[in-house]
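Novice: Okay, here's the structure, questions in a sec.
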Amino acid sequence: MIIRSQLRNRLLISAVVVLSVTLALTGCGEDAGNPESKLTVAEATERIPDAPAPLRRVRAQANQLLPGGTAAFEERISDLRGYPIVVNKWASWCGPCRFEFPFLQQAAILYGESVGFIGVDSDDAEAPAATFLQSLPLPYPSYLDPDSEIADLIKAPTAFPATAFFDRRGRLVHLKQGVYSDEQELIADIERWAR
């Protein structure tokens with residue numbers, strides 16, 4: 001009788017664990033909807049001739065997946081010294097990332113002449129990420145980060161998405177963990193932290 005009770009308790013605990021893992025994975029699955037892009041690829045890659053040179057260089061690589069790991073990422077942060085920076089960690093398989101991409105598209109267009117935007121495609125493969133960017137193009141580049149080394153550098157959690165804010169001196173000043181619920185929430189963080 002005691003053995004049966006212990007076995008039932010173990011099965012119940014196992015079922016709860018499986019259900020919890022399933023629910024957690026669903027939060028970052030592809031079932032979070034397919035929001036409409038606010039930009040076409042042509043609009044996302046359009047030049048901004050009146051922006052300062054470092055911000056023009058960012059836009060010149062819009063919607064590209066860049067190699068180079070932490071060294072290339074740190075070089076970009078250094079190149080953008082003097083401008084605040086917004087860094088978004090995303091992955092093509094992440095439903096919440098897909099949900100907030102239109103907010104990031106709009107914000108990068110709105111602030112593109114004064115704030116640097118950078119993406120970090122972590123824990124992802126290049127082919128699905130490239131396909132993802134065809135449906136939701138970004139007006140800034142993303143660094144390939146398959147082993148989450150850049151994510152670790154910016155102290156981003158393992159959960160997706162995460163958005164880091166750097167000040168004009170290139171110092172990390174804020175990290176938003178999780179998805180932005182709407183564009184206004186993202187704009188408020190940009191106004192507060194990207195100074």
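To be explicit about the labels: the chains of the structure tokens are called A, B, and onward in the order shown, and within each one the residues are counted from 1, while ligands get numbers from 1 in the order they are shown.
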I'd like the contact shell of region 151-157 of chain A - 12 Å cut-off, only C-alpha atoms, skipping same-chain residues fewer than 5 positions apart - returned as an MDAnalysis selection string.

Specialist: chainID A and resid 69:71 73:74 77 86:91 119:123 143:146 162:166 170:178

Novice: Restricted to N, CA and C atoms, what would the selected residues look like written as a short mmCIF file (atom, residue, chain, number, x, y, z; two decimals), in the first residue's frame?

Specialist:
```cif
data_model
loop_
_atom_site.label_atom_id
_atom_site.label_comp_id
_atom_site.auth_asym_id
_atom_site.auth_seq_id
_atom_site.Cartn_x
_atom_site.Cartn_y
_atom_site.Cartn_z
N GLY A 69 30.94 37.21 -33.60
CA GLY A 69 30.81 36.97 -32.17
C GLY A 69 31.00 38.20 -31.30
N THR A 70 31.51 37.95 -30.09
CA THR A 70 31.63 39.03 -29.11
C THR A 70 32.59 40.12 -29.57
N ALA A 71 33.64 39.75 -30.29
CA ALA A 71 34.61 40.76 -30.74
C ALA A 71 33.94 41.77 -31.69
N PHE A 73 30.72 42.35 -31.95
CA PHE A 73 29.70 43.07 -31.19
C PHE A 73 30.32 44.20 -30.37
N GLU A 74 31.39 43.90 -29.66
CA GLU A 74 32.06 44.93 -28.84
C GLU A 74 32.63 46.05 -29.71
N ILE A 77 29.71 48.31 -30.48
CA ILE A 77 29.38 49.12 -29.31
C ILE A 77 30.38 50.27 -29.19
N VAL A 86 20.25 50.44 -28.18
CA VAL A 86 19.24 49.45 -27.79
C VAL A 86 19.64 48.13 -28.44
N VAL A 87 19.80 47.09 -27.62
CA VAL A 87 20.20 45.77 -28.12
C VAL A 87 19.08 44.78 -27.77
N ASN A 88 18.52 44.13 -28.81
CA ASN A 88 17.45 43.17 -28.59
C ASN A 88 17.93 41.76 -28.88
N LYS A 89 17.81 40.87 -27.88
CA LYS A 89 18.15 39.45 -28.04
C LYS A 89 16.89 38.72 -28.49
N TRP A 90 17.01 38.00 -29.61
CA TRP A 90 15.85 37.31 -30.18
C TRP A 90 16.29 35.97 -30.78
N ALA A 91 15.28 35.19 -31.21
CA ALA A 91 15.53 33.95 -31.93
C ALA A 91 14.32 33.70 -32.85
N GLY A 119 20.57 43.93 -33.11
CA GLY A 119 19.94 42.67 -32.73
C GLY A 119 21.00 41.64 -32.39
N VAL A 120 20.62 40.68 -31.56
CA VAL A 120 21.47 39.55 -31.21
C VAL A 120 20.62 38.30 -31.37
N ASP A 121 20.92 37.51 -32.41
CA ASP A 121 20.18 36.28 -32.71
C ASP A 121 20.86 35.13 -31.97
N SER A 122 20.34 34.80 -30.78
CA SER A 122 20.96 33.80 -29.91
C SER A 122 20.27 32.45 -30.00
N ASP A 123 21.03 31.40 -29.71
CA ASP A 123 20.49 30.03 -29.67
C ASP A 123 19.66 29.71 -30.90
N TYR A 143 23.63 40.33 -34.79
CA TYR A 143 24.83 39.49 -34.70
C TYR A 143 24.42 38.06 -34.42
N LEU A 144 25.02 37.13 -35.17
CA LEU A 144 24.79 35.71 -34.92
C LEU A 144 25.43 35.34 -33.59
N ASP A 145 24.67 34.65 -32.75
CA ASP A 145 25.13 34.31 -31.40
C ASP A 145 24.65 32.90 -31.03
N PRO A 146 25.06 31.89 -31.82
CA PRO A 146 24.51 30.54 -31.61
C PRO A 146 24.80 29.95 -30.24
N ALA A 162 14.99 39.57 -24.69
CA ALA A 162 15.56 40.47 -23.69
C ALA A 162 16.08 41.69 -24.44
N THR A 163 15.96 42.85 -23.82
CA THR A 163 16.40 44.09 -24.46
C THR A 163 17.31 44.85 -23.50
N ALA A 164 18.52 45.13 -23.98
CA ALA A 164 19.53 45.83 -23.18
C ALA A 164 19.67 47.26 -23.67
N PHE A 165 19.91 48.17 -22.74
CA PHE A 165 20.09 49.59 -23.04
C PHE A 165 21.47 50.02 -22.60
N PHE A 166 22.20 50.64 -23.51
CA PHE A 166 23.54 51.16 -23.24
C PHE A 166 23.50 52.68 -23.31
N GLY A 170 28.71 53.69 -23.72
CA GLY A 170 28.80 52.26 -24.02
C GLY A 170 28.64 51.37 -22.81
N ARG A 171 28.06 51.91 -21.73
CA ARG A 171 27.85 51.13 -20.51
C ARG A 171 26.41 50.59 -20.47
N LEU A 172 26.28 49.33 -20.10
CA LEU A 172 24.97 48.73 -19.92
C LEU A 172 24.28 49.40 -18.74
N VAL A 173 23.10 49.99 -18.96
CA VAL A 173 22.41 50.71 -17.88
C VAL A 173 21.08 50.07 -17.50
N HIS A 174 20.53 49.21 -18.38
CA HIS A 174 19.24 48.59 -18.05
C HIS A 174 19.05 47.35 -18.92
N LEU A 175 18.42 46.33 -18.34
CA LEU A 175 18.08 45.12 -19.09
C LEU A 175 16.63 44.79 -18.84
N LYS A 176 15.84 44.78 -19.89
CA LYS A 176 14.42 44.40 -19.82
C LYS A 176 14.34 42.92 -20.16
N GLN A 177 13.87 42.12 -19.22
CA GLN A 177 13.70 40.70 -19.45
C GLN A 177 12.26 40.45 -19.86
N GLY A 178 12.09 39.77 -20.97
CA GLY A 178 10.76 39.44 -21.44
C GLY A 178 10.28 40.36 -22.54
#
```

Novice: Could you give me, as a list in words, the residues within 12 Å of Gln106 (chain A), counting only C-alpha atoms and dropping anything in the same chain fewer than 6 positions from it?

Specialist: Ser37, Lys38, Leu39, Thr40, Glu43, Ala44, Glu100, Gly112, Phe117, Leu136, Pro137, Leu138, Pro139, Tyr140, Asp182, Glu183, Gln184, Leu186 and Ile187 of chain A

Novice: Print the selection's residues with C-alpha atoms to a file, as an mmCIF file, in the first residue's frame.

Specialist:
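Written out: out15.cif:
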```cif
data_model
loop_
_atom_site.group_PDB
_atom_site.id
_atom_site.type_symbol
_atom_site.label_atom_id
_atom_site.label_comp_id
_atom_site.auth_asym_id
_atom_site.auth_seq_id
_atom_site.Cartn_x
_atom_site.Cartn_y
_atom_site.Cartn_z
ATOM 1 C CA SER A 37 5.400 43.559 -40.307
ATOM 2 C CA LYS A 38 5.407 47.344 -40.088
ATOM 3 C CA LEU A 39 8.143 47.490 -42.758
ATOM 4 C CA THR A 40 9.022 45.948 -46.080
ATOM 5 C CA GLU A 43 11.836 50.247 -46.129
ATOM 6 C CA ALA A 44 13.962 48.530 -43.475
ATOM 7 C CA GLU A 100 7.472 42.433 -30.356
ATOM 8 C CA GLY A 112 17.324 55.801 -36.061
ATOM 9 C CA PHE A 117 19.851 49.610 -32.596
ATOM 10 C CA LEU A 136 9.822 40.776 -40.208
ATOM 11 C CA PRO A 137 12.765 42.841 -41.534
ATOM 12 C CA LEU A 138 14.762 45.034 -39.188
ATOM 13 C CA PRO A 139 16.253 48.469 -39.955
ATOM 14 C CA TYR A 140 19.422 47.389 -38.141
ATOM 15 C CA ASP A 182 3.083 47.154 -26.802
ATOM 16 C CA GLU A 183 5.014 49.827 -28.669
ATOM 17 C CA GLN A 184 4.387 52.462 -25.981
ATOM 18 C CA LEU A 186 9.205 50.053 -25.580
ATOM 19 C CA ILE A 187 9.152 53.791 -26.386
#
```

Novice: DSSP says alpha helix (DSSP H) for which residues of region 30-167 of chain A? Put them as a ChimeraX atom specification?

Specialist: /A:41-44,53-60,69-79,95-111,126-135,149-153

Novice: Taking only chain A into account, list the residues labelled strand (DSSP E or B) by DSSP (computed from the backbone), as a PyMOL selection string.

Specialist: chain A and resi 65-66+85-90+116-122+142-145+162-166+172-177

Novice: Give me the residues near Tyr83 (chain A) as a ChimeraX atom specification, where near means some atom within 12 Å (using only C-alpha atoms) and where sequence neighbours in that chain fewer than 4 positions away do not count.

Specialist: /A:51-55,58,76-79,111-117,165-171,193-195
